[in-house]
file upload02.pdb (PDB, C-alpha atoms, pLDDT in the B column)
ATOM      1  CA  MET T   1      -2.620  -5.202 -37.637  1.00 83.00           C
ATOM      2  CA  TYR T   2      -5.520  -6.459 -35.572  1.00 87.00           C
ATOM      3  CA  PHE T   3      -6.428  -4.642 -32.390  1.00 93.00           C
ATOM      4  CA  THR T   4      -9.354  -6.831 -31.315  1.00 94.00           C
ATOM      5  CA  GLY T   5      -7.471  -8.530 -28.483  1.00 94.00           C
ATOM      6  CA  ILE T   6      -6.054  -5.269 -27.169  1.00 96.00           C
ATOM      7  CA  ILE T   7      -9.471  -3.583 -27.259  1.00 96.00           C
ATOM      8  CA  ILE T   8     -11.051  -6.484 -25.366  1.00 96.00           C
ATOM      9  CA  ALA T   9      -8.204  -6.560 -22.823  1.00 96.00           C
ATOM     10  CA  VAL T  10      -8.334  -2.824 -22.115  1.00 97.00           C
ATOM     11  CA  SER T  11     -12.136  -2.918 -21.929  1.00 97.00           C
ATOM     12  CA  THR T  12     -11.993  -5.835 -19.473  1.00 97.00           C
ATOM     13  CA  PHE T  13      -9.484  -3.997 -17.311  1.00 97.00           C
ATOM     14  CA  LEU T  14     -11.651  -0.858 -17.254  1.00 97.00           C
ATOM     15  CA  ILE T  15     -14.877  -2.764 -16.568  1.00 97.00           C
ATOM     16  CA  ILE T  16     -13.358  -4.637 -13.641  1.00 96.00           C
ATOM     17  CA  GLY T  17     -11.963  -1.353 -12.319  1.00 96.00           C
ATOM     18  CA  LEU T  18     -15.403   0.227 -12.679  1.00 97.00           C
ATOM     19  CA  PHE T  19     -17.150  -2.489 -10.681  1.00 97.00           C
ATOM     20  CA  HIS T  20     -14.888  -2.149  -7.646  1.00 95.00           C
ATOM     21  CA  PRO T  21     -16.325   1.228  -6.557  1.00 95.00           C
ATOM     22  CA  ILE T  22     -19.821   0.209  -7.679  1.00 96.00           C
ATOM     23  CA  VAL T  23     -19.791  -2.684  -5.215  1.00 95.00           C
ATOM     24  CA  ILE T  24     -18.434  -0.489  -2.412  1.00 94.00           C
ATOM     25  CA  LYS T  25     -20.997   2.278  -2.990  1.00 94.00           C
ATOM     26  CA  THR T  26     -23.894  -0.157  -3.425  1.00 94.00           C
ATOM     27  CA  GLU T  27     -23.099  -1.886  -0.153  1.00 93.00           C
ATOM     28  CA  TYR T  28     -22.599   1.436   1.619  1.00 93.00           C
ATOM     29  CA  TYR T  29     -25.905   2.977   0.528  1.00 93.00           C
ATOM     30  CA  THR T  30     -28.205  -0.056   0.204  1.00 91.00           C
ATOM     31  CA  GLY T  31     -26.485  -2.999   1.869  1.00 90.00           C
ATOM     32  CA  THR T  32     -26.958  -6.315   0.096  1.00 91.00           C
ATOM     33  CA  ARG T  33     -30.697  -5.977  -0.551  1.00 92.00           C
ATOM     34  CA  TYR T  34     -30.266  -5.264  -4.276  1.00 93.00           C
ATOM     35  CA  TRP T  35     -28.082  -8.253  -5.117  1.00 95.00           C
ATOM     36  CA  TRP T  36     -30.845  -9.441  -7.437  1.00 96.00           C
ATOM     37  CA  VAL T  37     -30.323  -6.398  -9.681  1.00 96.00           C
ATOM     38  CA  PHE T  38     -26.759  -7.593 -10.287  1.00 97.00           C
ATOM     39  CA  LEU T  39     -28.142 -11.060 -11.088  1.00 98.00           C
ATOM     40  CA  ILE T  40     -30.685  -9.771 -13.609  1.00 98.00           C
ATOM     41  CA  MET T  41     -28.163  -7.442 -15.258  1.00 98.00           C
ATOM     42  CA  GLY T  42     -25.561 -10.217 -15.423  1.00 98.00           C
ATOM     43  CA  ILE T  43     -27.947 -12.674 -17.038  1.00 98.00           C
ATOM     44  CA  ALA T  44     -29.210  -9.991 -19.437  1.00 98.00           C
ATOM     45  CA  CYS T  45     -25.694  -9.022 -20.547  1.00 98.00           C
ATOM     46  CA  ILE T  46     -24.634 -12.630 -21.050  1.00 98.00           C
ATOM     47  CA  ALA T  47     -27.824 -13.405 -22.963  1.00 98.00           C
ATOM     48  CA  ALA T  48     -27.294 -10.317 -25.134  1.00 97.00           C
ATOM     49  CA  ALA T  49     -23.705 -11.395 -25.821  1.00 97.00           C
ATOM     50  CA  LEU T  50     -25.069 -14.597 -27.361  1.00 97.00           C
ATOM     51  CA  PHE T  51     -26.990 -12.644 -29.985  1.00 97.00           C
ATOM     52  CA  VAL T  52     -24.406 -10.026 -30.962  1.00 96.00           C
ATOM     53  CA  GLU T  53     -22.359 -10.922 -34.005  1.00 96.00           C
ATOM     54  CA  ASN T  54     -19.573  -8.378 -33.479  1.00 96.00           C
ATOM     55  CA  VAL T  55     -16.758 -10.057 -31.552  1.00 96.00           C
ATOM     56  CA  ILE T  56     -15.688  -6.959 -29.622  1.00 96.00           C
ATOM     57  CA  VAL T  57     -19.206  -5.956 -28.556  1.00 97.00           C
ATOM     58  CA  SER T  58     -20.126  -9.541 -27.701  1.00 97.00           C
ATOM     59  CA  SER T  59     -16.958  -9.928 -25.622  1.00 97.00           C
ATOM     60  CA  ILE T  60     -17.556  -6.680 -23.771  1.00 97.00           C
ATOM     61  CA  LEU T  61     -21.151  -7.702 -23.016  1.00 97.00           C
ATOM     62  CA  GLY T  62     -19.863 -11.028 -21.722  1.00 97.00           C
ATOM     63  CA  VAL T  63     -17.348  -9.292 -19.493  1.00 97.00           C
ATOM     64  CA  PHE T  64     -20.050  -6.953 -18.181  1.00 98.00           C
ATOM     65  CA  GLY T  65     -22.272  -9.962 -17.498  1.00 98.00           C
ATOM     66  CA  ALA T  66     -19.549 -11.859 -15.690  1.00 97.00           C
ATOM     67  CA  SER T  67     -18.650  -8.739 -13.704  1.00 97.00           C
ATOM     68  CA  PHE T  68     -22.255  -8.260 -12.606  1.00 98.00           C
ATOM     69  CA  LEU T  69     -22.475 -11.885 -11.506  1.00 98.00           C
ATOM     70  CA  TRP T  70     -19.107 -11.770  -9.744  1.00 97.00           C
ATOM     71  CA  SER T  71     -20.198  -8.592  -7.972  1.00 97.00           C
ATOM     72  CA  ILE T  72     -22.975 -10.481  -6.179  1.00 97.00           C
ATOM     73  CA  GLY T  73     -20.359 -12.398  -4.207  1.00 95.00           C
ATOM     74  CA  GLU T  74     -18.276  -9.279  -3.751  1.00 95.00           C
ATOM     75  CA  LEU T  75     -21.292  -7.412  -2.396  1.00 95.00           C
ATOM     76  CA  PHE T  76     -21.645  -9.966   0.405  1.00 95.00           C
ATOM     77  CA  GLU T  77     -17.874  -9.983   0.928  1.00 94.00           C
ATOM     78  CA  GLN T  78     -17.986  -6.184   1.199  1.00 93.00           C
ATOM     79  CA  LYS T  79     -20.637  -6.532   3.890  1.00 91.00           C
ATOM     80  CA  GLU T  80     -18.206  -8.743   5.809  1.00 92.00           C
ATOM     81  CA  ARG T  81     -15.329  -6.302   5.270  1.00 91.00           C
ATOM     82  CA  VAL T  82     -17.498  -3.504   6.690  1.00 90.00           C
ATOM     83  CA  ARG T  83     -18.366  -5.693   9.679  1.00 88.00           C
ATOM     84  CA  LYS T  84     -14.658  -6.232  10.323  1.00 90.00           C
ATOM     85  CA  GLY T  85     -14.065  -2.475  10.188  1.00 88.00           C
ATOM     86  CA  TRP T  86     -11.970  -2.487   7.024  1.00 88.00           C
ATOM     87  CA  PHE T  87     -14.437  -0.113   5.307  1.00 87.00           C
ATOM     88  CA  PRO T  88     -16.639   2.594   6.831  1.00 85.00           C
ATOM     89  CA  LYS T  89     -20.166   1.714   7.883  1.00 85.00           C
ATOM     90  CA  ARG T  90     -22.968   4.061   6.907  1.00 82.00           C
ATOM     91  CA  PRO T  91     -24.296   5.926   9.939  1.00 79.00           C
ATOM     92  CA  GLU T  92     -27.812   4.939  10.927  1.00 75.00           C
ATOM     93  CA  LYS T  93     -30.484   7.542  10.272  1.00 51.00           C
TER      94      LYS T  93
END

call {"tool": "encode", "arguments": {"input": "upload02.pdb", "output": "structure tokens"}}
result
Amino acid sequence: MYFTGIIIAVSTFLIIGLFHPIVIKTEYYTGTRYWWVFLIMGIACIAAALFVENVIVSSILGVFGASFLWSIGELFEQKERVRKGWFPKRPEK
């Protein structure tokens, strides 16, 4: 039996689930000012995926890269959700 597809699917599910709280916490503590970190990490992961021969590792790097890039938009969407009162706003210091 081949488990490659199942491993990639479970990894994708876990990675996407991991990025949800990362976006929320990043927006809460830093706002949207570090969106460029997500951009650099996304490009780096996708570039690394191009050079990895192992299908599972390459796929997981690609999913990480896509998740980082997708999180840029979600970071700005989270800012809007906070503005609407759907999520707590960090108290000003």

call {"tool": "resolve_selection", "arguments": {"input": "upload02.pdb", "expression": "the PyMOL selection byres ((chain T and resi 49-59) around 10)", "output": "ChimeraX atom specification"}}
result
/T:3-5,7-9,11-12,43-48,60-65

call {"tool": "atom_distance", "arguments": {"input": "upload02.pdb", "atom1": "atom CA of T:His20", "atom2": "atom CA of T:Glu77"}}
result
12.0 Å

call {"tool": "residues_around", "arguments": {"input": "upload02.pdb", "residues": "T:Phe19", "least_positions_apart": "5", "cutoff": "8 Å", "atoms": "all atoms listed in the file", "output": "list in words"}}
result
Ser67, Phe68 and Ser71 of chain T

call {"tool": "residues_around", "arguments": {"input": "upload02.pdb", "residues": "T:Leu75", "least_positions_apart": "6", "cutoff": "7 Å", "atoms": "all atoms listed in the file", "output": "PyMOL selection string"}}
result
chain T and resi 23+27+32

call {"tool": "write_last_selection", "arguments": {"input": "upload02.pdb", "atoms": "C-alpha atoms", "output": "mmCIF file, in the coordinates of the input"}}
result
data_model
loop_
_atom_site.group_PDB
_atom_site.id
_atom_site.type_symbol
_atom_site.label_atom_id
_atom_site.label_comp_id
_atom_site.auth_asym_id
_atom_site.auth_seq_id
_atom_site.Cartn_x
_atom_site.Cartn_y
_atom_site.Cartn_z
ATOM 1 C CA VAL T 23 -19.791 -2.684 -5.215
ATOM 2 C CA GLU T 27 -23.099 -1.886 -0.153
ATOM 3 C CA THR T 32 -26.958 -6.315 0.096
#

call {"tool": "atom_distance", "arguments": {"input": "upload02.pdb", "atom1": "atom CA of T:Ile24", "atom2": "atom CA of T:Gln78"}}
result
6.8 Å

call {"tool": "atom_distance", "arguments": {"input": "upload02.pdb", "atom1": "atom CA of T:Arg33", "atom2": "atom CA of T:Leu69"}}
result
14.9 Å

call {"tool": "resolve_selection", "arguments": {"input": "upload02.pdb", "expression": "the PyMOL selection byres ((chain T and resi 87-91) around 12)", "output": "VMD selection string"}}
result
chain T and resid 24 to 31 77 to 86 92 to 93

call {"tool": "closest_residue", "arguments": {"input": "upload02.pdb", "among": "T:Ile6, T:Met1, T:Ile40, T:Ile16", "to": "T:Glu74", "atoms": "all atoms listed in the file"}}
result
T:Ile16

call {"tool": "axis_aligned_box", "arguments": {"input": "upload02.pdb", "around": "stretch 30-33 of chain T", "padding_each_side": "8 Å", "output": "AutoDock Vina command-line options"}}
result
--center_x -28.6 --center_y -3.2 --center_z 0.7 --size_x 20.2 --size_y 22.3 --size_z 18.4

call {"tool": "closest_residue", "arguments": {"input": "upload02.pdb", "among": "T:Leu39, T:Ala66, T:Ile72, T:Val10", "to": "T:Ile22", "atoms": "all atoms listed in the file"}}
result
T:Ile72
